[in-house]
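Here's structure25.cif, which has mmCIF, N, CA and C atoms:
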```
data_model
#
loop_
_atom_site.label_atom_id
_atom_site.label_comp_id
_atom_site.auth_asym_id
_atom_site.auth_seq_id
_atom_site.Cartn_x
_atom_site.Cartn_y
_atom_site.Cartn_z
N MET T 1 -96.24 -40.64 -30.22
CA MET T 1 -95.71 -39.72 -29.25
C MET T 1 -96.11 -40.12 -27.83
N LYS T 2 -97.37 -40.60 -27.67
CA LYS T 2 -97.82 -41.06 -26.35
C LYS T 2 -96.98 -42.23 -25.87
N ASN T 3 -96.64 -43.13 -26.80
CA ASN T 3 -95.85 -44.31 -26.44
C ASN T 3 -94.45 -43.91 -25.97
N LEU T 4 -93.86 -42.94 -26.64
CA LEU T 4 -92.53 -42.48 -26.24
C LEU T 4 -92.57 -41.85 -24.85
N PHE T 5 -93.59 -41.04 -24.59
CA PHE T 5 -93.76 -40.43 -23.28
C PHE T 5 -93.96 -41.49 -22.20
N LEU T 6 -94.77 -42.52 -22.50
CA LEU T 6 -95.04 -43.61 -21.57
C LEU T 6 -93.75 -44.38 -21.25
N VAL T 7 -92.94 -44.66 -22.26
CA VAL T 7 -91.66 -45.36 -22.06
C VAL T 7 -90.74 -44.52 -21.18
N PHE T 8 -90.71 -43.21 -21.42
CA PHE T 8 -89.88 -42.31 -20.62
C PHE T 8 -90.30 -42.32 -19.16
N VAL T 9 -91.59 -42.19 -18.88
CA VAL T 9 -92.11 -42.18 -17.51
C VAL T 9 -91.85 -43.52 -16.82
N LEU T 10 -92.10 -44.63 -17.53
CA LEU T 10 -91.86 -45.95 -16.95
C LEU T 10 -90.38 -46.17 -16.64
N SER T 11 -89.51 -45.70 -17.49
CA SER T 11 -88.07 -45.88 -17.24
C SER T 11 -87.63 -45.12 -15.99
N ILE T 12 -88.20 -43.96 -15.77
CA ILE T 12 -87.88 -43.20 -14.57
C ILE T 12 -88.41 -43.90 -13.32
N LEU T 13 -89.61 -44.45 -13.41
CA LEU T 13 -90.22 -45.12 -12.26
C LEU T 13 -89.57 -46.47 -11.96
N LEU T 14 -89.21 -47.21 -13.00
CA LEU T 14 -88.65 -48.55 -12.81
C LEU T 14 -87.17 -48.55 -12.48
N PHE T 15 -86.44 -47.53 -12.87
CA PHE T 15 -84.99 -47.51 -12.67
C PHE T 15 -84.53 -46.24 -11.95
N PRO T 16 -85.08 -45.98 -10.76
CA PRO T 16 -84.66 -44.77 -10.04
C PRO T 16 -83.22 -44.94 -9.54
N GLY T 17 -82.50 -43.86 -9.55
CA GLY T 17 -81.15 -43.88 -9.00
C GLY T 17 -80.09 -44.41 -9.93
N CYS T 18 -80.46 -44.81 -11.14
CA CYS T 18 -79.45 -45.32 -12.08
C CYS T 18 -78.45 -44.24 -12.46
N ASP T 19 -78.91 -43.00 -12.41
CA ASP T 19 -78.02 -41.92 -12.78
C ASP T 19 -77.16 -41.45 -11.62
N LYS T 20 -77.41 -41.96 -10.42
CA LYS T 20 -76.65 -41.55 -9.25
C LYS T 20 -75.34 -42.31 -9.20
N LYS T 21 -74.27 -41.60 -8.92
CA LYS T 21 -72.96 -42.22 -8.82
C LYS T 21 -72.59 -42.34 -7.35
N GLU T 22 -72.20 -43.53 -6.92
CA GLU T 22 -71.83 -43.76 -5.54
C GLU T 22 -70.45 -43.18 -5.27
N ASN T 23 -70.28 -42.52 -4.14
CA ASN T 23 -68.99 -41.94 -3.78
C ASN T 23 -68.10 -43.03 -3.20
N THR T 24 -67.11 -43.44 -3.97
CA THR T 24 -66.22 -44.52 -3.54
C THR T 24 -64.78 -44.05 -3.48
N ASP T 25 -64.56 -42.74 -3.28
CA ASP T 25 -63.20 -42.22 -3.22
C ASP T 25 -62.50 -42.72 -1.96
N VAL T 26 -61.36 -43.38 -2.14
CA VAL T 26 -60.54 -43.87 -1.04
C VAL T 26 -59.10 -43.56 -1.39
N ILE T 27 -58.37 -43.05 -0.43
CA ILE T 27 -56.95 -42.78 -0.66
C ILE T 27 -56.21 -44.09 -0.47
N LYS T 28 -55.45 -44.49 -1.49
CA LYS T 28 -54.70 -45.74 -1.42
C LYS T 28 -53.25 -45.48 -1.77
N VAL T 29 -52.35 -46.20 -1.06
CA VAL T 29 -50.92 -46.09 -1.33
C VAL T 29 -50.31 -47.47 -1.26
N LYS T 30 -49.08 -47.59 -1.68
CA LYS T 30 -48.38 -48.87 -1.60
C LYS T 30 -48.13 -49.25 -0.15
N HIS T 31 -48.10 -50.57 0.16
CA HIS T 31 -47.88 -51.07 1.51
C HIS T 31 -46.61 -50.51 2.13
N SER T 32 -45.57 -50.34 1.36
CA SER T 32 -44.29 -49.90 1.90
C SER T 32 -44.31 -48.46 2.38
N GLU T 33 -45.34 -47.69 2.03
CA GLU T 33 -45.36 -46.27 2.36
C GLU T 33 -46.10 -45.93 3.65
N VAL T 34 -46.78 -46.88 4.28
CA VAL T 34 -47.63 -46.55 5.42
C VAL T 34 -47.91 -47.79 6.25
N ASN T 35 -48.24 -47.58 7.52
CA ASN T 35 -48.70 -48.71 8.34
C ASN T 35 -50.00 -49.21 7.76
N THR T 36 -50.13 -50.51 7.59
CA THR T 36 -51.35 -51.06 7.02
C THR T 36 -52.32 -51.44 8.12
N PHE T 37 -53.60 -51.38 7.79
CA PHE T 37 -54.61 -51.77 8.76
C PHE T 37 -55.88 -52.15 8.05
N THR T 38 -56.43 -53.30 8.39
CA THR T 38 -57.74 -53.71 7.93
C THR T 38 -58.60 -53.86 9.16
N ASP T 39 -59.69 -53.14 9.23
CA ASP T 39 -60.59 -53.19 10.38
C ASP T 39 -61.22 -54.57 10.47
N PRO T 40 -60.99 -55.31 11.56
CA PRO T 40 -61.57 -56.65 11.67
C PRO T 40 -63.08 -56.64 11.79
N ASP T 41 -63.66 -55.47 12.06
CA ASP T 41 -65.12 -55.38 12.20
C ASP T 41 -65.82 -55.24 10.85
N THR T 42 -65.06 -55.10 9.78
CA THR T 42 -65.68 -54.96 8.47
C THR T 42 -65.03 -55.90 7.48
N SER T 43 -65.73 -56.21 6.42
CA SER T 43 -65.15 -57.04 5.38
C SER T 43 -64.40 -56.18 4.38
N ALA T 44 -64.65 -54.87 4.43
CA ALA T 44 -63.97 -53.97 3.51
C ALA T 44 -62.54 -53.78 3.96
N GLY T 45 -61.68 -53.61 3.03
CA GLY T 45 -60.28 -53.36 3.35
C GLY T 45 -59.51 -53.09 2.09
N PRO T 46 -58.25 -52.84 2.25
CA PRO T 46 -57.45 -52.54 1.08
C PRO T 46 -57.30 -53.75 0.18
N THR T 47 -57.14 -53.50 -1.10
CA THR T 47 -56.89 -54.59 -2.03
C THR T 47 -55.41 -54.92 -1.99
N SER T 48 -55.02 -56.02 -2.57
CA SER T 48 -53.64 -56.47 -2.56
C SER T 48 -52.71 -55.37 -3.05
N GLY T 49 -51.66 -55.10 -2.26
CA GLY T 49 -50.67 -54.09 -2.64
C GLY T 49 -51.04 -52.67 -2.28
N GLU T 50 -52.21 -52.45 -1.64
CA GLU T 50 -52.64 -51.12 -1.29
C GLU T 50 -53.05 -51.07 0.18
N SER T 51 -53.03 -49.87 0.76
CA SER T 51 -53.39 -49.69 2.16
C SER T 51 -54.22 -48.43 2.31
N ILE T 52 -54.92 -48.36 3.41
CA ILE T 52 -55.65 -47.15 3.77
C ILE T 52 -54.72 -46.30 4.63
N ILE T 53 -54.65 -45.01 4.35
CA ILE T 53 -53.80 -44.11 5.14
C ILE T 53 -54.54 -43.80 6.44
N LEU T 54 -53.85 -44.02 7.56
CA LEU T 54 -54.43 -43.75 8.86
C LEU T 54 -53.75 -42.55 9.50
N LYS T 55 -54.53 -41.74 10.16
CA LYS T 55 -54.03 -40.60 10.92
C LYS T 55 -53.24 -41.12 12.13
N THR T 56 -52.21 -40.39 12.54
CA THR T 56 -51.44 -40.74 13.73
C THR T 56 -51.70 -39.69 14.79
N ILE T 57 -52.03 -40.17 16.00
CA ILE T 57 -52.26 -39.28 17.14
C ILE T 57 -51.39 -39.74 18.30
N SER T 58 -51.32 -38.93 19.35
CA SER T 58 -50.61 -39.33 20.56
C SER T 58 -51.58 -40.02 21.51
N SER T 59 -51.05 -40.78 22.43
CA SER T 59 -51.91 -41.47 23.40
C SER T 59 -52.70 -40.48 24.26
N LYS T 60 -52.24 -39.25 24.33
CA LYS T 60 -52.95 -38.21 25.10
C LYS T 60 -54.23 -37.76 24.40
N GLU T 61 -54.35 -38.04 23.10
CA GLU T 61 -55.52 -37.63 22.32
C GLU T 61 -56.55 -38.74 22.13
N VAL T 62 -56.27 -39.92 22.61
CA VAL T 62 -57.08 -41.10 22.33
C VAL T 62 -58.54 -40.93 22.76
N LYS T 63 -58.77 -40.31 23.89
CA LYS T 63 -60.13 -40.16 24.42
C LYS T 63 -61.08 -39.47 23.44
N GLN T 64 -60.54 -38.59 22.61
CA GLN T 64 -61.36 -37.85 21.65
C GLN T 64 -61.61 -38.63 20.36
N HIS T 65 -61.05 -39.84 20.25
CA HIS T 65 -61.13 -40.60 19.00
C HIS T 65 -61.73 -42.00 19.16
N VAL T 66 -62.54 -42.21 20.19
CA VAL T 66 -63.18 -43.51 20.38
C VAL T 66 -64.05 -43.81 19.15
N GLY T 67 -63.88 -45.01 18.62
CA GLY T 67 -64.61 -45.44 17.42
C GLY T 67 -63.80 -45.31 16.15
N ASP T 68 -62.67 -44.59 16.22
CA ASP T 68 -61.83 -44.39 15.04
C ASP T 68 -60.73 -45.44 14.96
N SER T 69 -60.31 -45.75 13.75
CA SER T 69 -59.15 -46.61 13.52
C SER T 69 -57.98 -45.71 13.18
N LEU T 70 -56.94 -45.76 14.01
CA LEU T 70 -55.82 -44.83 13.91
C LEU T 70 -54.50 -45.48 14.26
N ASN T 71 -53.41 -44.75 14.02
CA ASN T 71 -52.10 -45.05 14.59
C ASN T 71 -52.01 -44.22 15.86
N ILE T 72 -51.54 -44.82 16.95
CA ILE T 72 -51.41 -44.10 18.21
C ILE T 72 -49.98 -44.25 18.69
N ASP T 73 -49.30 -43.12 18.92
CA ASP T 73 -47.94 -43.12 19.45
C ASP T 73 -48.00 -42.83 20.94
N GLY T 74 -47.25 -43.59 21.73
CA GLY T 74 -47.21 -43.36 23.16
C GLY T 74 -46.17 -44.19 23.87
N PHE T 75 -46.04 -43.93 25.16
CA PHE T 75 -45.05 -44.55 26.02
C PHE T 75 -45.70 -45.66 26.85
N ILE T 76 -45.13 -46.85 26.79
CA ILE T 76 -45.63 -47.98 27.60
C ILE T 76 -45.03 -47.86 29.00
N ALA T 77 -45.84 -47.44 29.97
CA ALA T 77 -45.37 -47.25 31.33
C ALA T 77 -45.37 -48.54 32.13
N ASP T 78 -46.29 -49.46 31.79
CA ASP T 78 -46.43 -50.67 32.59
C ASP T 78 -47.11 -51.76 31.77
N ILE T 79 -46.82 -53.00 32.12
CA ILE T 79 -47.46 -54.15 31.48
C ILE T 79 -48.02 -55.05 32.58
N TYR T 80 -49.27 -55.43 32.42
CA TYR T 80 -49.90 -56.35 33.36
C TYR T 80 -50.20 -57.65 32.62
N LEU T 81 -49.75 -58.77 33.16
CA LEU T 81 -49.98 -60.07 32.54
C LEU T 81 -50.82 -60.96 33.44
N SER T 82 -51.79 -61.65 32.84
CA SER T 82 -52.54 -62.69 33.54
C SER T 82 -52.67 -63.87 32.58
N ASP T 83 -53.31 -64.93 33.02
CA ASP T 83 -53.50 -66.09 32.16
C ASP T 83 -54.44 -65.79 30.99
N LYS T 84 -55.33 -64.84 31.15
CA LYS T 84 -56.35 -64.56 30.14
C LYS T 84 -56.04 -63.37 29.24
N VAL T 85 -55.30 -62.38 29.76
CA VAL T 85 -55.10 -61.14 29.00
C VAL T 85 -53.82 -60.44 29.45
N ALA T 86 -53.24 -59.69 28.53
CA ALA T 86 -52.13 -58.80 28.86
C ALA T 86 -52.58 -57.38 28.57
N TYR T 87 -52.23 -56.45 29.45
CA TYR T 87 -52.56 -55.04 29.26
C TYR T 87 -51.27 -54.23 29.15
N LEU T 88 -51.16 -53.46 28.09
CA LEU T 88 -50.06 -52.52 27.92
C LEU T 88 -50.61 -51.15 28.29
N ASN T 89 -50.16 -50.60 29.42
CA ASN T 89 -50.69 -49.34 29.94
C ASN T 89 -49.82 -48.17 29.47
N PHE T 90 -50.46 -47.17 28.87
CA PHE T 90 -49.76 -46.04 28.29
C PHE T 90 -49.67 -44.86 29.24
N GLU T 91 -48.51 -44.24 29.24
CA GLU T 91 -48.17 -42.99 29.94
C GLU T 91 -48.02 -43.14 31.45
N ASN T 92 -48.89 -43.91 32.12
CA ASN T 92 -48.82 -44.12 33.56
C ASN T 92 -49.24 -45.55 33.88
N LYS T 93 -48.90 -46.00 35.09
CA LYS T 93 -49.37 -47.31 35.54
C LYS T 93 -50.87 -47.24 35.82
N PHE T 94 -51.53 -48.39 35.71
CA PHE T 94 -52.94 -48.50 36.05
C PHE T 94 -53.10 -48.14 37.52
N PRO T 95 -54.07 -47.37 37.93
CA PRO T 95 -55.28 -46.91 37.22
C PRO T 95 -55.15 -45.52 36.61
N LYS T 96 -53.95 -44.92 36.64
CA LYS T 96 -53.78 -43.57 36.11
C LYS T 96 -53.37 -43.56 34.64
N ASN T 97 -53.38 -44.74 34.01
CA ASN T 97 -53.02 -44.81 32.59
C ASN T 97 -54.06 -44.07 31.74
N LEU T 98 -53.60 -43.51 30.62
CA LEU T 98 -54.50 -42.78 29.72
C LEU T 98 -55.21 -43.71 28.74
N PHE T 99 -54.58 -44.86 28.49
CA PHE T 99 -54.99 -45.71 27.38
C PHE T 99 -54.37 -47.08 27.58
N THR T 100 -55.04 -48.12 27.09
CA THR T 100 -54.55 -49.49 27.25
C THR T 100 -54.66 -50.25 25.94
N CYS T 101 -53.68 -51.12 25.69
CA CYS T 101 -53.80 -52.11 24.62
C CYS T 101 -53.98 -53.46 25.29
N ALA T 102 -54.95 -54.22 24.83
CA ALA T 102 -55.23 -55.55 25.38
C ALA T 102 -54.84 -56.61 24.37
N ILE T 103 -54.19 -57.65 24.87
CA ILE T 103 -53.85 -58.82 24.05
C ILE T 103 -54.41 -60.03 24.78
N PHE T 104 -55.32 -60.75 24.14
CA PHE T 104 -55.94 -61.90 24.79
C PHE T 104 -55.07 -63.14 24.65
N ALA T 105 -55.27 -64.07 25.57
CA ALA T 105 -54.42 -65.26 25.69
C ALA T 105 -54.19 -66.00 24.38
N GLY T 106 -55.22 -66.13 23.57
CA GLY T 106 -55.10 -66.86 22.31
C GLY T 106 -54.14 -66.22 21.31
N ARG T 107 -53.78 -64.99 21.52
CA ARG T 107 -52.89 -64.24 20.61
C ARG T 107 -51.53 -63.92 21.23
N MET T 108 -51.38 -64.08 22.54
CA MET T 108 -50.16 -63.64 23.23
C MET T 108 -48.89 -64.26 22.68
N GLU T 109 -48.95 -65.52 22.32
CA GLU T 109 -47.77 -66.22 21.83
C GLU T 109 -47.16 -65.54 20.60
N GLU T 110 -48.02 -65.00 19.74
CA GLU T 110 -47.55 -64.34 18.52
C GLU T 110 -46.67 -63.12 18.82
N PHE T 111 -46.90 -62.45 19.96
CA PHE T 111 -46.19 -61.22 20.31
C PHE T 111 -44.85 -61.49 20.97
N GLY T 112 -44.63 -62.70 21.44
CA GLY T 112 -43.37 -63.01 22.12
C GLY T 112 -43.33 -62.35 23.49
N ASP T 113 -42.13 -62.04 23.95
CA ASP T 113 -41.91 -61.44 25.27
C ASP T 113 -42.39 -59.99 25.27
N LEU T 114 -43.49 -59.74 25.94
CA LEU T 114 -44.07 -58.39 25.96
C LEU T 114 -43.24 -57.38 26.74
N SER T 115 -42.35 -57.85 27.60
CA SER T 115 -41.53 -56.93 28.40
C SER T 115 -40.64 -56.06 27.51
N LYS T 116 -40.41 -56.47 26.26
CA LYS T 116 -39.60 -55.66 25.33
C LYS T 116 -40.24 -54.30 25.05
N PHE T 117 -41.55 -54.16 25.32
CA PHE T 117 -42.24 -52.90 25.07
C PHE T 117 -42.23 -51.95 26.28
N LYS T 118 -41.98 -52.49 27.48
CA LYS T 118 -42.04 -51.67 28.69
C LYS T 118 -40.93 -50.61 28.66
N GLY T 119 -41.33 -49.38 28.94
CA GLY T 119 -40.39 -48.26 28.94
C GLY T 119 -40.03 -47.76 27.56
N LYS T 120 -40.76 -48.18 26.55
CA LYS T 120 -40.48 -47.79 25.16
C LYS T 120 -41.61 -46.94 24.60
N ASN T 121 -41.25 -46.13 23.62
CA ASN T 121 -42.25 -45.42 22.82
C ASN T 121 -42.63 -46.34 21.67
N VAL T 122 -43.92 -46.52 21.49
CA VAL T 122 -44.41 -47.44 20.46
C VAL T 122 -45.47 -46.76 19.62
N ARG T 123 -45.73 -47.38 18.48
CA ARG T 123 -46.87 -47.00 17.64
C ARG T 123 -47.77 -48.22 17.54
N VAL T 124 -49.03 -48.05 17.94
CA VAL T 124 -50.01 -49.12 17.77
C VAL T 124 -51.04 -48.68 16.74
N THR T 125 -51.58 -49.66 16.06
CA THR T 125 -52.57 -49.40 15.02
C THR T 125 -53.82 -50.22 15.31
N GLY T 126 -54.97 -49.57 15.34
CA GLY T 126 -56.20 -50.31 15.57
C GLY T 126 -57.38 -49.40 15.82
N LYS T 127 -58.50 -50.04 16.09
CA LYS T 127 -59.75 -49.32 16.36
C LYS T 127 -59.84 -49.05 17.86
N ILE T 128 -60.10 -47.79 18.21
CA ILE T 128 -60.20 -47.39 19.61
C ILE T 128 -61.60 -47.68 20.10
N THR T 129 -61.68 -48.48 21.16
CA THR T 129 -62.94 -48.80 21.82
C THR T 129 -62.79 -48.39 23.28
N THR T 130 -63.77 -48.72 24.11
CA THR T 130 -63.63 -48.47 25.54
C THR T 130 -63.93 -49.74 26.32
N TYR T 131 -63.32 -49.84 27.48
CA TYR T 131 -63.61 -50.91 28.43
C TYR T 131 -63.58 -50.26 29.81
N LYS T 132 -64.69 -50.36 30.51
CA LYS T 132 -64.84 -49.72 31.82
C LYS T 132 -64.48 -48.23 31.74
N ASN T 133 -65.03 -47.57 30.73
CA ASN T 133 -64.87 -46.12 30.50
C ASN T 133 -63.43 -45.68 30.25
N LYS T 134 -62.56 -46.60 29.83
CA LYS T 134 -61.18 -46.25 29.52
C LYS T 134 -60.90 -46.66 28.07
N PRO T 135 -60.26 -45.78 27.29
CA PRO T 135 -59.95 -46.13 25.90
C PRO T 135 -59.01 -47.32 25.80
N GLN T 136 -59.24 -48.16 24.79
CA GLN T 136 -58.37 -49.31 24.57
C GLN T 136 -58.34 -49.67 23.09
N VAL T 137 -57.29 -50.38 22.71
CA VAL T 137 -57.19 -51.02 21.40
C VAL T 137 -56.87 -52.48 21.67
N ILE T 138 -57.60 -53.37 21.04
CA ILE T 138 -57.31 -54.79 21.15
C ILE T 138 -56.33 -55.16 20.05
N LEU T 139 -55.20 -55.72 20.44
CA LEU T 139 -54.18 -56.12 19.49
C LEU T 139 -54.36 -57.60 19.15
N ASN T 140 -54.53 -57.88 17.86
CA ASN T 140 -54.70 -59.25 17.39
C ASN T 140 -53.51 -59.76 16.60
N SER T 141 -52.60 -58.85 16.24
CA SER T 141 -51.45 -59.22 15.42
C SER T 141 -50.24 -58.41 15.84
N LYS T 142 -49.07 -59.02 15.79
CA LYS T 142 -47.84 -58.30 16.15
C LYS T 142 -47.57 -57.16 15.18
N ASP T 143 -48.20 -57.19 14.01
CA ASP T 143 -48.04 -56.10 13.04
C ASP T 143 -48.73 -54.81 13.51
N GLN T 144 -49.55 -54.88 14.55
CA GLN T 144 -50.25 -53.71 15.05
C GLN T 144 -49.43 -52.89 16.05
N ILE T 145 -48.22 -53.34 16.39
CA ILE T 145 -47.40 -52.62 17.35
C ILE T 145 -45.94 -52.66 16.92
N LYS T 146 -45.28 -51.49 17.06
CA LYS T 146 -43.84 -51.46 16.80
C LYS T 146 -43.19 -50.41 17.68
N ILE T 147 -41.96 -50.68 18.07
CA ILE T 147 -41.18 -49.74 18.86
C ILE T 147 -40.69 -48.65 17.91
N ILE T 148 -40.86 -47.38 18.33
CA ILE T 148 -40.47 -46.29 17.44
C ILE T 148 -39.21 -45.57 17.91
N ASN T 149 -38.64 -45.93 19.06
CA ASN T 149 -37.31 -45.43 19.43
C ASN T 149 -36.73 -46.23 20.54
#
```
Write the structure described by the file as structure tokens, please.
Amino acid sequence: MKNLFLVFVLSILLFPGCDKKENTDVIKVKHSEVNTFTDPDTSAGPTSGESIILKTISSKEVKQHVGDSLNIDGFIADIYLSDKVAYLNFENKFPKNLFTCAIFAGRMEEFGDLSKFKGKNVRVTGKITTYKNKPQVILNSKDQIKIIN
């Protein structure tokens, strides 16, 4: 009886947490049903044929969602191009814009003529960060932006 008790105590001490189940609930859907997004800051992402469902907000709500990965709908009021970066300014021209999407020179070619977005309502997908106290999303792929009307 002492041996059985000793085995029981040792098993609890040597294998703590074995009975704990990790919460791995993730909502997944087929790619065709939703905008897909894999956060470039993490190695985790959807498996082949599946996507993570992202909330959609307006560009007017972006300030309250810094740090979140979302779909953002808004109006491209102005585009600024330089040799190093392109800025897509939402709702108003800089400096009164509410939100900006940045595309760096190494990726610009993939997007083609950016003027096609000026004056259009678009949906962008990405992680909201800040630059000089203004919300932004860095676009690395043309799949992160589409004209919605």
Residue contacts of T:Lys60 (7 Å, all atoms listed in the file) excluding same-chain residues fewer than 2 positions away, as a short mmCIF file (atom, residue, chain, number, x, y, z; two decimals) with N, CA and C atoms, in the frame of the given file:
```cif
data_model
loop_
_atom_site.label_atom_id
_atom_site.label_comp_id
_atom_site.auth_asym_id
_atom_site.auth_seq_id
_atom_site.Cartn_x
_atom_site.Cartn_y
_atom_site.Cartn_z
N ILE T 57 -52.03 -40.17 16.00
CA ILE T 57 -52.26 -39.28 17.14
C ILE T 57 -51.39 -39.74 18.30
N SER T 58 -51.32 -38.93 19.35
CA SER T 58 -50.61 -39.33 20.56
C SER T 58 -51.58 -40.02 21.51
N VAL T 62 -56.27 -39.92 22.61
CA VAL T 62 -57.08 -41.10 22.33
C VAL T 62 -58.54 -40.93 22.76
N LYS T 63 -58.77 -40.31 23.89
CA LYS T 63 -60.13 -40.16 24.42
C LYS T 63 -61.08 -39.47 23.44
N GLN T 64 -60.54 -38.59 22.61
CA GLN T 64 -61.36 -37.85 21.65
C GLN T 64 -61.61 -38.63 20.36
N ASP T 73 -49.30 -43.12 18.92
CA ASP T 73 -47.94 -43.12 19.45
C ASP T 73 -48.00 -42.83 20.94
N GLY T 74 -47.25 -43.59 21.73
CA GLY T 74 -47.21 -43.36 23.16
C GLY T 74 -46.17 -44.19 23.87
N LEU T 98 -53.60 -43.51 30.62
CA LEU T 98 -54.50 -42.78 29.72
C LEU T 98 -55.21 -43.71 28.74
#
```
With 3 Å of padding per side, what axis-aligned box (centre and edge lengths, Å, one decimal) covers all the listed atoms of stretch 92-105 of chain T? Give it as JSON.
```
{"center_x": -52.4, "center_y": -54.4, "center_z": 31.0, "size_x": 13.1, "size_y": 29.2, "size_z": 19.9}
```
I want to know what sits within 5 Å of stretch 82-94 of chain T, based on only N, CA and C atoms, with residues of the same chain fewer than 6 positions away left out; could you give that as a ChimeraX atom specification?
/T:75-76,100-105
Expected answer as number ranges by chain: all residues with atoms within 7 Å of (-61.6, -52.8, 23.3), all atoms listed in the file:
T: 102, 127-131, 135-138
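For the atom pair formed by atom CA of T:Pro95 and atom CA of T:Asp78, the distance is 10.7 Å, given to one decimal.
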Interatomic distance between atom CA of T:Glu109 and atom CA of T:Tyr80?
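For atom CA of T:Glu109 relative to atom CA of T:Tyr80, the distance reads 15.3 Å.
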Identify all residues satisfying the PyMOL selection byres ((chain T and resi 72) around 7) in the given file; provide them as an NGL selection string.
:T and (55-59 or 70-71 or 73-74 or 122-126)
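Taking atom CA of T:Glu61 and atom CA of T:Lys146 as the two end points, the separation is 18.9 Å.
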Enumerate the residues of stretch 50-117 of chain T with a DSSP assignment of strand (DSSP E), computed from the backbone, and present them as number ranges by chain.
T: 50-52, 56-58, 69-81, 85-90, 99-104
T:Lys116, T:Ile79, T:Asp68, T:Met108 ranked by distance to T:Asn140, top pick (using all atoms listed in the file)
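Distance minimum relative to T:Asn140 lands on T:Met108.
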Since I can't run it myself right now, could you work out what the PyMOL selection byres ((chain T and resi 142) around 8) selects here and report it as a PyMOL selection string?
chain T and resi 107+110-112+139-141+143-146
Can you give me, as a list in words, the residues this file yields under the PyMOL selection byres (((chain T and resi 119 and name CA) around 6) and name CA)?
Ile76, Ala77, Lys118 and Lys120 of chain T
Pick the closest to T:Ile147 from T:Phe117, T:Leu54, T:Lys134, T:Phe99: which is it, counting all atoms listed in the file?
T:Phe117
